[in-house]
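Quick look at model00.csv (CSV, C-alpha atoms and all ligand atoms):
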```csv
chain,number,residue,atom,x,y,z
E,21,MET,CA,-41.9,-16.0,-56.6
E,22,ALA,CA,-38.8,-15.9,-54.5
E,23,ALA,CA,-38.2,-12.9,-52.4
E,24,GLY,CA,-34.7,-12.8,-53.8
E,25,SER,CA,-35.9,-11.7,-57.2
E,26,LEU,CA,-37.3,-8.6,-55.7
E,27,ASP,CA,-34.1,-7.0,-54.3
E,28,GLY,CA,-33.9,-4.8,-57.3
E,29,THR,CA,-30.2,-5.5,-57.9
E,30,ALA,CA,-28.9,-6.1,-61.3
E,31,PRO,CA,-25.2,-6.7,-61.9
E,32,GLY,CA,-23.6,-3.7,-63.4
E,33,ARG,CA,-26.7,-1.6,-63.1
E,34,GLY,CA,-26.1,0.1,-59.8
E,35,ALA,CA,-27.3,-0.4,-56.3
E,36,ALA,CA,-30.7,-1.8,-55.3
E,37,LEU,CA,-33.7,0.3,-54.3
E,38,PRO,CA,-33.8,1.2,-50.7
E,39,ASN,CA,-35.1,-1.8,-48.9
E,40,VAL,CA,-38.3,-0.2,-47.6
E,41,TYR,CA,-40.8,-2.5,-49.2
E,42,GLU,CA,-42.2,-5.8,-48.2
E,43,ASP,CA,-41.3,-8.6,-50.5
E,44,LEU,CA,-43.9,-10.7,-52.3
E,45,ALA,CA,-43.8,-13.5,-49.8
E,46,ARG,CA,-45.3,-11.2,-47.3
E,47,TYR,CA,-48.0,-9.7,-49.5
E,48,PRO,CA,-51.1,-10.1,-47.4
E,49,MET,CA,-53.4,-10.3,-50.4
E,50,ASN,CA,-51.4,-13.1,-52.0
E,51,ILE,CA,-50.9,-11.0,-55.2
E,52,THR,CA,-49.3,-12.7,-58.1
E,53,ARG,CA,-47.4,-10.2,-60.1
E,54,ARG,CA,-47.8,-10.4,-63.9
E,55,LYS,CA,-44.6,-11.7,-65.5
E,56,THR,CA,-42.9,-9.0,-67.6
E,57,ARG,CA,-39.6,-8.2,-69.1
E,58,ARG,CA,-37.2,-6.1,-67.0
E,59,ILE,CA,-36.2,-2.7,-68.0
E,60,TYR,CA,-34.1,-0.1,-66.1
E,61,VAL,CA,-34.7,3.6,-65.8
E,62,GLY,CA,-31.2,4.6,-64.8
E,63,HIS,CA,-30.6,2.3,-61.8
E,64,VAL,CA,-34.2,1.7,-61.0
E,65,PRO,CA,-35.4,-1.7,-62.2
E,66,ILE,CA,-38.9,-1.9,-63.6
E,67,GLY,CA,-40.9,-5.1,-64.1
E,68,ASP,CA,-40.0,-8.8,-63.7
E,69,GLY,CA,-40.8,-8.7,-60.0
E,70,ALA,CA,-38.9,-5.5,-59.2
E,71,PRO,CA,-40.4,-3.3,-56.4
E,72,ILE,CA,-43.2,-1.2,-57.9
E,73,ALA,CA,-41.5,2.1,-58.5
E,74,VAL,CA,-43.1,5.4,-57.6
E,75,GLN,CA,-42.9,8.3,-60.1
E,76,SER,CA,-44.0,11.9,-60.2
E,77,MET,CA,-43.6,14.8,-62.6
E,78,THR,CA,-42.3,18.3,-62.1
E,79,ASN,CA,-44.6,21.2,-62.8
E,80,THR,CA,-41.9,23.9,-62.9
E,81,ASP,CA,-40.6,25.4,-66.1
E,82,THR,CA,-37.9,22.9,-67.1
E,83,LYS,CA,-35.7,25.8,-68.4
E,84,ASP,CA,-35.6,27.1,-64.8
E,85,VAL,CA,-32.9,24.7,-63.6
E,86,VAL,CA,-32.8,26.0,-60.0
E,87,SER,CA,-36.6,25.8,-59.4
E,88,THR,CA,-36.8,22.4,-61.1
E,89,ALA,CA,-33.9,21.0,-59.2
E,90,ARG,CA,-35.4,22.2,-56.0
E,91,GLN,CA,-38.7,20.5,-56.7
E,92,ILE,CA,-36.9,17.3,-57.6
E,93,ARG,CA,-35.1,17.5,-54.2
E,94,ARG,CA,-38.4,17.8,-52.4
E,95,LEU,CA,-39.7,14.8,-54.4
E,96,GLU,CA,-36.6,12.8,-53.5
E,97,ARG,CA,-37.2,13.6,-49.8
E,98,SER,CA,-40.8,12.4,-50.1
E,99,GLY,CA,-39.6,9.0,-51.6
E,100,CYS,CA,-40.0,9.6,-55.3
E,101,GLU,CA,-37.9,7.2,-57.3
E,102,ILE,CA,-38.2,8.5,-60.9
E,103,VAL,CA,-39.2,11.9,-62.1
E,104,ARG,CA,-40.5,13.0,-65.4
E,105,LEU,CA,-40.0,16.5,-66.9
E,106,GLY,CA,-41.9,18.1,-69.7
E,107,VAL,CA,-39.6,19.1,-72.6
E,108,PRO,CA,-41.6,21.5,-74.8
E,109,ASP,CA,-38.7,23.1,-76.6
E,110,LEU,CA,-35.0,23.0,-77.2
E,111,ASP,CA,-34.1,25.3,-74.3
E,112,ALA,CA,-35.9,22.9,-72.0
E,113,ALA,CA,-34.0,19.9,-73.5
E,114,GLN,CA,-30.7,21.7,-73.1
E,115,ALA,CA,-31.4,22.4,-69.4
E,116,LEU,CA,-31.8,18.6,-68.7
E,117,GLY,CA,-28.1,18.0,-68.2
E,118,ARG,CA,-27.7,20.7,-65.5
E,119,ILE,CA,-30.8,19.4,-63.8
E,120,ARG,CA,-29.5,15.9,-63.9
E,121,GLU,CA,-26.3,16.9,-62.2
E,122,ARG,CA,-28.4,18.2,-59.3
E,123,ALA,CA,-30.7,15.2,-59.1
E,124,ARG,CA,-30.2,11.8,-57.4
E,125,ILE,CA,-33.1,10.1,-59.0
E,126,PRO,CA,-33.4,9.3,-62.7
E,127,LEU,CA,-35.0,11.8,-65.1
E,128,ILE,CA,-37.4,10.9,-67.8
E,129,ALA,CA,-38.0,13.4,-70.7
E,130,ASP,CA,-41.5,13.8,-71.8
E,131,ILE,CA,-41.5,14.6,-75.5
E,132,HIS,CA,-44.2,15.1,-78.1
E,133,PHE,CA,-43.9,15.3,-81.9
E,134,ASP,CA,-40.3,16.6,-82.2
E,135,HIS,CA,-37.6,13.9,-82.4
E,136,LYS,CA,-34.8,16.5,-82.2
E,137,LEU,CA,-35.9,17.1,-78.6
E,138,ALA,CA,-35.6,13.4,-77.9
E,139,LEU,CA,-32.1,13.3,-79.3
E,140,GLU,CA,-31.1,16.3,-77.3
E,141,ALA,CA,-32.6,14.9,-74.1
E,142,ILE,CA,-30.5,11.7,-74.7
E,143,ARG,CA,-27.4,13.8,-75.2
E,144,GLN,CA,-28.1,15.6,-71.9
E,145,GLY,CA,-28.1,12.2,-70.1
E,146,VAL,CA,-31.7,11.5,-69.2
E,147,ALA,CA,-32.5,8.0,-68.1
E,148,GLY,CA,-35.7,7.5,-70.1
E,149,LEU,CA,-38.0,9.0,-72.7
E,150,ARG,CA,-41.8,9.2,-72.7
E,151,LEU,CA,-42.6,9.4,-76.4
E,152,ASN,CA,-45.1,8.0,-78.8
E,153,PRO,CA,-43.1,7.0,-81.9
E,154,GLY,CA,-46.2,7.3,-84.1
E,155,ASN,CA,-46.3,11.0,-83.4
E,156,ILE,CA,-42.8,12.0,-84.3
E,157,GLY,CA,-42.9,11.7,-88.1
E,158,SER,CA,-40.9,9.6,-90.6
E,159,ALA,CA,-39.5,6.2,-90.1
E,160,GLN,CA,-36.0,7.7,-90.3
E,161,LYS,CA,-36.7,10.0,-87.3
E,162,VAL,CA,-38.0,7.0,-85.3
E,163,ARG,CA,-34.9,5.1,-86.3
E,164,ASP,CA,-32.6,7.9,-85.1
E,165,VAL,CA,-34.3,8.1,-81.7
E,166,CYS,CA,-34.3,4.3,-81.3
E,167,ARG,CA,-30.6,4.0,-82.2
E,168,ALA,CA,-29.6,6.8,-79.8
E,169,ALA,CA,-31.8,5.4,-77.0
E,170,ALA,CA,-30.3,1.9,-77.5
E,171,GLU,CA,-26.8,3.2,-77.5
E,172,HIS,CA,-27.4,4.9,-74.1
E,173,GLY,CA,-29.5,2.1,-72.6
E,174,ILE,CA,-32.5,4.3,-72.4
E,175,PRO,CA,-36.0,2.8,-72.3
E,176,ILE,CA,-39.0,4.5,-74.0
E,177,ARG,CA,-42.4,4.7,-72.4
E,178,ILE,CA,-45.3,4.6,-74.8
E,179,GLY,CA,-48.0,6.7,-73.2
E,180,VAL,CA,-51.5,6.4,-74.6
E,181,ASN,CA,-54.0,8.9,-73.3
E,182,SER,CA,-57.7,8.5,-74.1
E,183,GLY,CA,-57.8,12.2,-75.0
E,184,SER,CA,-55.3,11.9,-77.8
E,185,ILE,CA,-56.1,8.7,-79.7
E,186,GLU,CA,-55.4,8.7,-83.4
E,187,LYS,CA,-58.3,9.9,-85.6
E,188,ARG,CA,-58.3,6.6,-87.6
E,189,LEU,CA,-58.9,4.6,-84.4
E,190,LEU,CA,-61.6,7.0,-83.2
E,191,ARG,CA,-63.4,6.5,-86.5
E,192,LYS,CA,-62.8,2.7,-86.4
E,193,TYR,CA,-64.1,2.3,-82.9
E,194,GLY,CA,-66.6,5.2,-82.7
E,195,GLY,CA,-64.6,7.0,-80.0
E,196,PRO,CA,-61.8,6.6,-77.5
E,197,THR,CA,-62.9,3.1,-76.4
E,198,VAL,CA,-60.8,0.6,-74.5
E,199,GLU,CA,-60.1,-1.3,-77.8
E,200,ALA,CA,-59.0,2.0,-79.5
E,201,MET,CA,-56.6,2.7,-76.6
E,202,VAL,CA,-55.1,-0.8,-76.7
E,203,GLU,CA,-54.8,-0.8,-80.5
E,204,SER,CA,-53.1,2.6,-80.3
E,205,ALA,CA,-50.6,1.3,-77.8
E,206,LEU,CA,-49.9,-1.8,-79.9
E,207,SER,CA,-49.4,0.3,-83.0
E,208,HIS,CA,-46.7,2.4,-81.3
E,209,VAL,CA,-45.1,-0.8,-79.9
E,210,ALA,CA,-45.0,-2.2,-83.4
E,211,ILE,CA,-43.1,0.8,-84.7
E,212,LEU,CA,-40.4,0.4,-82.1
E,213,GLU,CA,-40.2,-3.3,-82.5
E,214,LYS,CA,-39.7,-2.8,-86.3
E,215,GLU,CA,-36.6,-0.9,-85.4
E,216,GLY,CA,-35.4,-3.8,-83.1
E,217,PHE,CA,-36.2,-1.7,-80.0
E,218,TYR,CA,-37.7,-3.6,-77.1
E,219,ASP,CA,-36.7,-1.5,-74.1
E,220,ILE,CA,-40.3,-0.4,-73.6
E,221,LYS,CA,-42.9,0.2,-71.0
E,222,ILE,CA,-46.4,1.2,-71.7
E,223,SER,CA,-49.2,3.3,-70.1
E,224,LEU,CA,-52.8,3.5,-71.1
E,225,LYS,CA,-54.4,6.3,-69.2
E,226,ALA,CA,-58.0,7.5,-69.2
E,227,THR,CA,-59.8,9.9,-66.8
E,228,ASP,CA,-62.5,7.2,-66.4
E,229,VAL,CA,-61.4,4.7,-63.8
E,230,THR,CA,-63.2,1.6,-65.2
E,231,LYS,CA,-62.1,2.3,-68.7
E,232,THR,CA,-58.5,2.6,-67.5
E,233,ILE,CA,-58.7,-0.7,-65.7
E,234,ASP,CA,-60.3,-2.5,-68.7
E,235,ALA,CA,-57.6,-1.1,-71.0
E,236,TYR,CA,-54.8,-2.3,-68.8
E,237,ARG,CA,-56.3,-5.7,-68.4
E,238,MET,CA,-56.7,-6.1,-72.1
E,239,LEU,CA,-53.2,-4.9,-72.9
E,240,ALA,CA,-51.7,-7.0,-70.1
E,241,ALA,CA,-53.0,-10.1,-71.7
E,242,GLN,CA,-51.3,-9.3,-75.0
E,243,VAL,CA,-47.8,-8.1,-74.2
E,244,ASP,CA,-45.0,-8.8,-71.7
E,245,TYR,CA,-43.7,-5.3,-71.4
E,246,PRO,CA,-43.8,-3.7,-68.0
E,247,LEU,CA,-46.7,-1.3,-67.4
E,248,HIS,CA,-46.7,2.2,-66.0
E,249,VAL,CA,-50.1,2.5,-64.3
E,250,GLY,CA,-52.1,5.6,-63.4
E,251,ILE,CA,-55.4,7.5,-63.8
E,252,THR,CA,-54.8,10.6,-65.9
E,253,GLU,CA,-55.9,14.0,-64.9
E,254,ALA,CA,-57.5,12.5,-61.7
E,255,GLY,CA,-58.2,15.9,-60.2
E,256,THR,CA,-57.5,17.8,-57.0
E,257,LEU,CA,-56.0,16.3,-53.9
E,258,LEU,CA,-58.8,14.4,-52.3
E,259,PRO,CA,-60.9,13.2,-55.2
E,260,GLY,CA,-57.9,12.6,-57.3
E,261,ALA,CA,-56.2,10.5,-54.7
E,262,VAL,CA,-59.4,8.5,-54.2
E,263,LYS,CA,-59.9,7.9,-58.0
E,264,SER,CA,-56.2,6.9,-58.3
E,265,ALA,CA,-56.4,4.6,-55.3
E,266,VAL,CA,-59.4,2.8,-56.8
E,267,GLY,CA,-57.9,2.5,-60.3
E,268,ILE,CA,-54.3,1.8,-59.4
E,269,GLY,CA,-55.3,-0.3,-56.4
E,270,ILE,CA,-57.6,-2.7,-58.4
E,271,LEU,CA,-54.9,-3.2,-61.0
E,272,LEU,CA,-52.1,-3.8,-58.5
E,273,ALA,CA,-54.3,-6.2,-56.6
E,274,GLU,CA,-54.6,-8.1,-59.9
E,275,GLY,CA,-50.8,-8.1,-60.3
E,276,ILE,CA,-50.9,-5.5,-63.1
E,277,GLY,CA,-48.5,-2.6,-62.8
E,278,ASP,CA,-44.8,-2.2,-62.4
E,279,THR,CA,-44.4,1.5,-61.8
E,280,ILE,CA,-47.1,4.0,-60.7
E,281,ARG,CA,-47.9,7.7,-60.9
E,282,VAL,CA,-50.7,9.3,-59.1
E,283,SER,CA,-51.6,12.4,-61.2
E,284,LEU,CA,-53.0,15.2,-59.0
E,285,SER,CA,-53.7,18.9,-59.4
E,286,ALA,CA,-51.6,19.4,-56.3
E,287,ARG,CA,-48.0,19.6,-55.2
E,288,PRO,CA,-46.1,16.7,-56.8
E,289,GLU,CA,-45.0,15.6,-53.3
E,290,HIS,CA,-48.6,14.7,-52.6
E,291,GLU,CA,-48.6,12.4,-55.6
E,292,VAL,CA,-45.7,10.5,-54.1
E,293,GLN,CA,-47.4,10.4,-50.7
E,294,ALA,CA,-50.6,9.1,-52.3
E,295,ALA,CA,-48.7,6.5,-54.3
E,296,PHE,CA,-47.0,5.1,-51.2
E,297,SER,CA,-50.4,5.1,-49.3
E,298,ILE,CA,-51.8,2.9,-52.1
E,299,LEU,CA,-48.9,0.6,-52.0
E,300,ARG,CA,-49.0,0.5,-48.2
E,301,ALA,CA,-52.8,-0.2,-48.1
E,302,LEU,CA,-52.2,-3.2,-50.3
E,303,GLY,CA,-49.2,-4.4,-48.2
E,304,ILE,CA,-46.9,-4.1,-51.3
E,305,ARG,CA,-44.5,-1.5,-50.1
E,306,LYS,CA,-44.2,0.3,-46.8
E,307,ARG,CA,-42.4,3.6,-46.5
E,308,GLY,CA,-42.4,6.3,-44.0
E,309,VAL,CA,-44.7,7.0,-41.1
E,310,GLU,CA,-48.3,5.8,-41.2
E,311,VAL,CA,-50.4,7.9,-38.9
E,312,ILE,CA,-53.4,6.1,-37.5
E,313,ALA,CA,-55.8,8.6,-36.1
E,314,CYS,CA,-59.3,8.3,-34.8
E,315,PRO,CA,-62.0,10.3,-36.6
E,316,THR,CA,-63.0,12.0,-33.3
E,317,CYS,CA,-66.4,12.1,-31.7
E,318,ALA,CA,-68.2,13.4,-28.7
E,319,ARG,CA,-65.8,11.5,-26.4
E,320,THR,CA,-62.7,13.1,-27.9
E,321,SER,CA,-60.7,14.7,-25.0
E,322,ILE,CA,-57.7,16.2,-26.9
E,323,ASP,CA,-57.2,17.9,-30.2
E,324,VAL,CA,-56.7,14.7,-32.2
E,325,ILE,CA,-57.0,16.3,-35.7
E,326,GLY,CA,-54.5,19.0,-35.0
E,327,LEU,CA,-52.2,16.6,-33.3
E,328,ALA,CA,-52.4,14.0,-36.1
E,329,GLN,CA,-51.6,16.6,-38.7
E,330,LYS,CA,-48.7,17.9,-36.8
E,331,VAL,CA,-47.3,14.4,-36.2
E,332,GLU,CA,-47.7,13.6,-39.9
E,333,ARG,CA,-45.9,16.8,-40.9
E,334,ARG,CA,-43.1,16.6,-38.3
E,335,LEU,CA,-42.3,12.9,-39.1
E,336,SER,CA,-42.5,13.2,-42.9
E,337,HIS,CA,-38.7,13.0,-43.2
E,338,ILE,CA,-38.6,9.5,-41.8
E,339,ALA,CA,-38.3,6.8,-44.5
E,340,ALA,CA,-38.5,3.7,-42.3
E,341,PRO,CA,-41.9,2.1,-42.1
E,342,LEU,CA,-43.5,3.0,-38.8
E,343,GLN,CA,-47.0,3.2,-37.3
E,344,VAL,CA,-47.9,6.1,-35.1
E,345,ALA,CA,-51.4,6.3,-33.5
E,346,VAL,CA,-53.2,9.4,-32.3
E,347,MET,CA,-56.4,8.4,-30.5
E,348,GLY,CA,-58.8,10.6,-28.7
E,349,CYS,CA,-60.1,8.8,-25.6
E,350,VAL,CA,-59.7,5.9,-23.3
E,351,VAL,CA,-62.4,3.8,-24.9
E,352,ASN,CA,-60.6,2.7,-28.1
E,353,GLY,CA,-57.4,4.7,-27.6
E,354,PRO,CA,-55.2,2.4,-25.5
E,355,GLY,CA,-55.9,-0.6,-27.8
E,356,GLU,CA,-54.8,1.2,-31.0
E,357,ALA,CA,-52.0,3.1,-29.3
E,358,ARG,CA,-50.6,-0.2,-28.0
E,359,GLU,CA,-50.7,-1.8,-31.5
E,360,ALA,CA,-48.7,1.0,-33.1
E,361,ASP,CA,-44.9,1.5,-32.8
E,362,VAL,CA,-45.7,4.7,-30.8
E,363,GLY,CA,-49.2,5.9,-29.9
E,364,ILE,CA,-51.1,8.4,-27.9
E,365,ALA,CA,-54.3,7.6,-26.1
E,366,GLY,CA,-56.0,10.9,-25.1
E,367,GLY,CA,-57.7,11.6,-21.7
E,368,LYS,CA,-59.1,14.9,-20.4
E,369,GLY,CA,-56.4,17.4,-21.2
E,370,MET,CA,-53.8,14.7,-21.0
E,371,GLY,CA,-52.7,11.5,-22.7
E,372,ILE,CA,-50.8,8.3,-22.2
E,373,ILE,CA,-48.0,7.5,-24.6
E,374,PHE,CA,-47.4,3.9,-25.6
E,375,LYS,CA,-44.2,2.6,-27.2
E,376,LYS,CA,-44.1,-0.9,-28.7
E,377,GLY,CA,-47.1,-1.9,-26.7
E,378,ALA,CA,-46.0,-0.6,-23.3
E,379,SER,CA,-47.1,2.6,-21.5
E,380,ILE,CA,-44.2,4.9,-21.0
E,381,GLY,CA,-46.0,7.7,-19.2
E,382,THR,CA,-48.8,10.2,-18.9
E,383,TYR,CA,-48.3,13.7,-20.2
E,384,ARG,CA,-50.3,17.0,-20.3
E,385,GLU,CA,-51.8,17.7,-23.6
E,386,GLU,CA,-49.3,20.4,-24.6
E,387,GLU,CA,-46.4,17.9,-23.8
E,388,LEU,CA,-47.8,15.1,-26.0
E,389,LEU,CA,-46.4,16.2,-29.3
E,390,PRO,CA,-42.8,16.8,-28.2
E,391,ALA,CA,-42.9,13.6,-26.1
E,392,LEU,CA,-44.2,11.5,-29.0
E,393,LEU,CA,-41.6,13.0,-31.4
E,394,HIS,CA,-38.9,12.3,-28.9
E,395,GLU,CA,-39.9,8.6,-28.6
E,396,VAL,CA,-40.1,8.2,-32.4
E,397,GLU,CA,-36.7,9.8,-32.6
E,398,LEU,CA,-35.3,7.3,-30.1
E,399,LEU,CA,-36.9,4.4,-32.0
E,400,THR,CA,-35.6,5.4,-35.4
E,401,SER,CA,-32.1,6.3,-34.3
E,402,ALA,CA,-31.6,3.4,-32.0
E,403,ALA,CA,-32.8,0.3,-33.9
E,404,PRO,CA,-31.3,-0.4,-37.3
E,405,SER,CA,-34.2,-0.7,-39.6
E,406,ARG,CA,-34.9,-2.5,-42.8
E,407,THR,CA,-33.6,0.6,-44.6
E,408,GLY,CA,-30.2,-0.4,-43.3
E,409,GLY,CA,-29.7,2.3,-40.7
E,410,ALA,CA,-31.6,4.7,-38.5
E,411,GLY,CA,-34.6,4.7,-40.8
E,412,ARG,CA,-34.2,8.4,-41.3
E,413,GLU,CA,-34.4,9.8,-44.7
E,414,GLU,CA,-31.1,9.5,-46.6
E,415,PRO,CA,-32.9,10.0,-49.8
E,416,HIS,CA,-31.8,7.4,-52.3
E,417,SER,CA,-28.2,7.4,-51.2
E,418,SER,CA,-28.3,3.7,-52.2
E,419,LEU,CA,-30.0,4.4,-55.5
N,501,LIG,S1,-61.1,6.7,-30.3
N,501,LIG,FE1,-62.5,7.6,-28.7
N,501,LIG,S2,-62.5,9.7,-29.3
N,501,LIG,FE2,-61.7,8.7,-31.0
N,501,LIG,S3,-63.5,8.3,-32.3
N,501,LIG,FE3,-63.1,6.5,-31.1
N,501,LIG,S4,-64.5,6.7,-29.3
N,501,LIG,FE4,-64.3,8.8,-30.3
```
Take the structure in the file and write it out as structure tokens.
Ligand code: SF4
Amino acid sequence: MAAGSLDGTAPGRGAALPNVYEDLARYPMNITRRKTRRIYVGHVPIGDGAPIAVQSMTNTDTKDVVSTARQIRRLERSGCEIVRLGVPDLDAAQALGRIRERARIPLIADIHFDHKLALEAIRQGVAGLRLNPGNIGSAQKVRDVCRAAAEHGIPIRIGVNSGSIEKRLLRKYGGPTVEAMVESALSHVAILEKEGFYDIKISLKATDVTKTIDAYRMLAAQVDYPLHVGITEAGTLLPGAVKSAVGIGILLAEGIGDTIRVSLSARPEHEVQAAFSILRALGIRKRGVEVIACPTCARTSIDVIGLAQKVERRLSHIAAPLQVAVMGCVVNGPGEAREADVGIAGGKGMGIIFKKGASIGTYREEELLPALLHEVELLTSAAPSRTGGAGREEPHSSL
């Protein structure tokens, strides 16, 4: 596929995504993306070769406009490109417009059962709905939602969750099987298609990783709608990120998946960080600073763990792809530190800093952090990066 098809630009649909991803021609794993239709969530293209978009979800009370807008701002800074908000009642739906005014990234309203909430969310200017049409009642209600969504150019995500499969399918398949999940998704799709609505993406989430993978594989062979991929209720930060990395990673490596959400029982910014780590590990998109740090051992001569954590925290505002190494000794340290954009190779109470492969000096341990931050600062402010500037976070100004 030509790299040009990945620039995310669509005439009349706003600017491209920030250019912080590697295009397909550079995918080290030679991944062939599944061909899909293209939809837009606001100005963010999804499917048909568009960059795999990273999503998260707020966990504030949507009625609390200030807290929700603040959380969205933090998500934007971490690189989140689309954010979903739960809309449990009319008050929450009516708050969406004020939140939207404060947000730079598109909002998706998560609606269950009540089509009036969907209509209000559309009135308030959301960029997408997450709604299962089979759960909102009569054909007329579905028709009203489809008409309003179509008038505003708003896509609908059908989100099948293994925990809420229809009873008839549970009886037919003897439980929430892969087949039941896929049939559930297809039945919701059929309802929208009957109304002439095709601006659809689909998710099929289970807590079981292998079941999720099988479900997406089966669905991917039957439809050409873009797919939102994730492992639902994956758990707390570490185990949840690992489960998500396995499930989402396997699917992406097979070319399945057009937008991803890592679901964690943790701060939403961690979901975005984990999502970009998955994309980076596969060589699909690169964003922000990747800290390469040694695991430490008996040879470690400086506080590698503390230093690596501080480096990660202090450089989290940088959007440009950058590798920073923090290594503990002179055995493996210099090699890795040289390979990185900026790196530290520790010695006894001191360390050597390398930049772009060359040693730039030896520093006492307490000087290492400020010296390294200074070098990264020089690097990101001096050289125009692929983000089109200093590589510092200008969150989604181009979105
Ligand atoms: S880089 Fe040195 S200190 Fe770090 S784990 Fe390897 S041998 Fe140990």
If I wrap all listed atoms of ligand LIG 501 (chain N) in a box with edges along x, y and z and add 8 Å on each side, what are its centre and edge lengths in Å to one decimal, as lines of an AutoDock Vina configuration file?
```
center_x = -62.8
center_y = 8.1
center_z = -30.5
size_x = 19.4
size_y = 19.2
size_z = 19.6
```
Long-range neighbours of Arg122 in chain E as a short mmCIF file (atom, residue, chain, number, x, y, z; two decimals) with C-alpha atoms, in the frame of the given file, 12 Å cut-off, only C-alpha atoms, 3 positions minimum in chain:
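Generated output (selection19.cif):
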```
data_model
loop_
_atom_site.label_atom_id
_atom_site.label_comp_id
_atom_site.auth_asym_id
_atom_site.auth_seq_id
_atom_site.Cartn_x
_atom_site.Cartn_y
_atom_site.Cartn_z
CA VAL E 85 -32.90 24.70 -63.60
CA VAL E 86 -32.80 26.00 -60.00
CA SER E 87 -36.60 25.80 -59.40
CA THR E 88 -36.80 22.40 -61.10
CA ALA E 89 -33.90 21.00 -59.20
CA ARG E 90 -35.40 22.20 -56.00
CA GLN E 91 -38.70 20.50 -56.70
CA ILE E 92 -36.90 17.30 -57.60
CA ARG E 93 -35.10 17.50 -54.20
CA GLU E 96 -36.60 12.80 -53.50
CA ALA E 115 -31.40 22.40 -69.40
CA LEU E 116 -31.80 18.60 -68.70
CA GLY E 117 -28.10 18.00 -68.20
CA ARG E 118 -27.70 20.70 -65.50
CA ILE E 119 -30.80 19.40 -63.80
CA ILE E 125 -33.10 10.10 -59.00
CA PRO E 126 -33.40 9.30 -62.70
CA LEU E 127 -35.00 11.80 -65.10
#
```
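Distance-wise, CA of Glu186 in chain E and CA of Val146 in chain E end up 27.8 Å apart.
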**Request:** Would you kindly return, as a PyMOL selection string, each protein, DNA or RNA residue with an atom no farther than 9 Å from any atom of range 342-351 of chain E, considering all atoms listed in the file and excluding same-chain residues fewer than 5 positions away?
**Result:** chain E and resi 306-317+319-325+327-328+331-332+356-368+371+392+396+400
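In terms of minimum interatomic distance to ligand LIG 501 (chain N), E:Asn352 ranks closest within E:Glu291, E:Glu386, E:Arg333, E:Asn352, counting all atoms listed in the file.
Closest approach to Ala210 in chain E among E:Pro153, E:Gly173, E:Pro246, E:Gly255 is made by E:Pro153 (distances from only C-alpha atoms).
Distance check against ligand LIG 501 (chain N) using all atoms listed in the file: of E:Leu393, E:Gly353, E:Ala113, E:Phe374, the minimum falls on E:Gly353.
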**Request:** Would you mind telling me which residue in E:Gly154, E:Gly355, E:Gly216, E:Gly275 lies nearest to ligand LIG 501 (chain N) when using all atoms listed in the file?
**Result:** E:Gly355
**Message:** Which residues are near Asn155 in chain E? Cut-off 10 Å, only C-alpha atoms, ignore same chain within fewer than 4 positions. Put them as a ChimeraX atom specification.
**Reply:** /E:131-135,151,162,186,208
Go ahead and dump the residues you just picked, C-alpha atoms, as a PDB file, in the coordinates of the input.
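Saved the output as part_9.pdb:
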```pdb
ATOM      1  CA  ILE E 131     -41.500  14.600 -75.500  1.00  0.00           C
ATOM      2  CA  HIS E 132     -44.200  15.100 -78.100  1.00  0.00           C
ATOM      3  CA  PHE E 133     -43.900  15.300 -81.900  1.00  0.00           C
ATOM      4  CA  ASP E 134     -40.300  16.600 -82.200  1.00  0.00           C
ATOM      5  CA  HIS E 135     -37.600  13.900 -82.400  1.00  0.00           C
ATOM      6  CA  LEU E 151     -42.600   9.400 -76.400  1.00  0.00           C
ATOM      7  CA  VAL E 162     -38.000   7.000 -85.300  1.00  0.00           C
ATOM      8  CA  GLU E 186     -55.400   8.700 -83.400  1.00  0.00           C
ATOM      9  CA  HIS E 208     -46.700   2.400 -81.300  1.00  0.00           C
TER      10      HIS E 208
END
```
**Asked** CA of Arg287 in chain E and CA of Glu101 in chain E are how many Å apart?
**Response** 16.1 Å
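If you measure from each of E:Asp68, E:Asp130, E:Thr52, E:Lys136 to Thr82 in chain E using all atoms listed in the file, the closest one turns out to be E:Asp130.
Here CA of Val165 in chain E is placed at a distance of 18.7 Å from CA of Val180 in chain E.
Shown here are all protein and nucleic acid residues lying within 10 Å of (-45.4, 15.2, -23.4), with only C-alpha atoms considered: Ile364, Met370, Gly371, Ile372, Ile373, Gly381, Thr382, Tyr383, Arg384, Glu385, Glu386, Glu387, Leu388, Leu389, Pro390, Ala391, Leu392, Leu393 and His394 of chain E.
Distance annotation: of E:Gly377, E:Pro354, E:Gly369, E:Gly183, the residue with the minimal separation from ligand LIG 501 (chain N) is E:Pro354; atom set is all atoms listed in the file.
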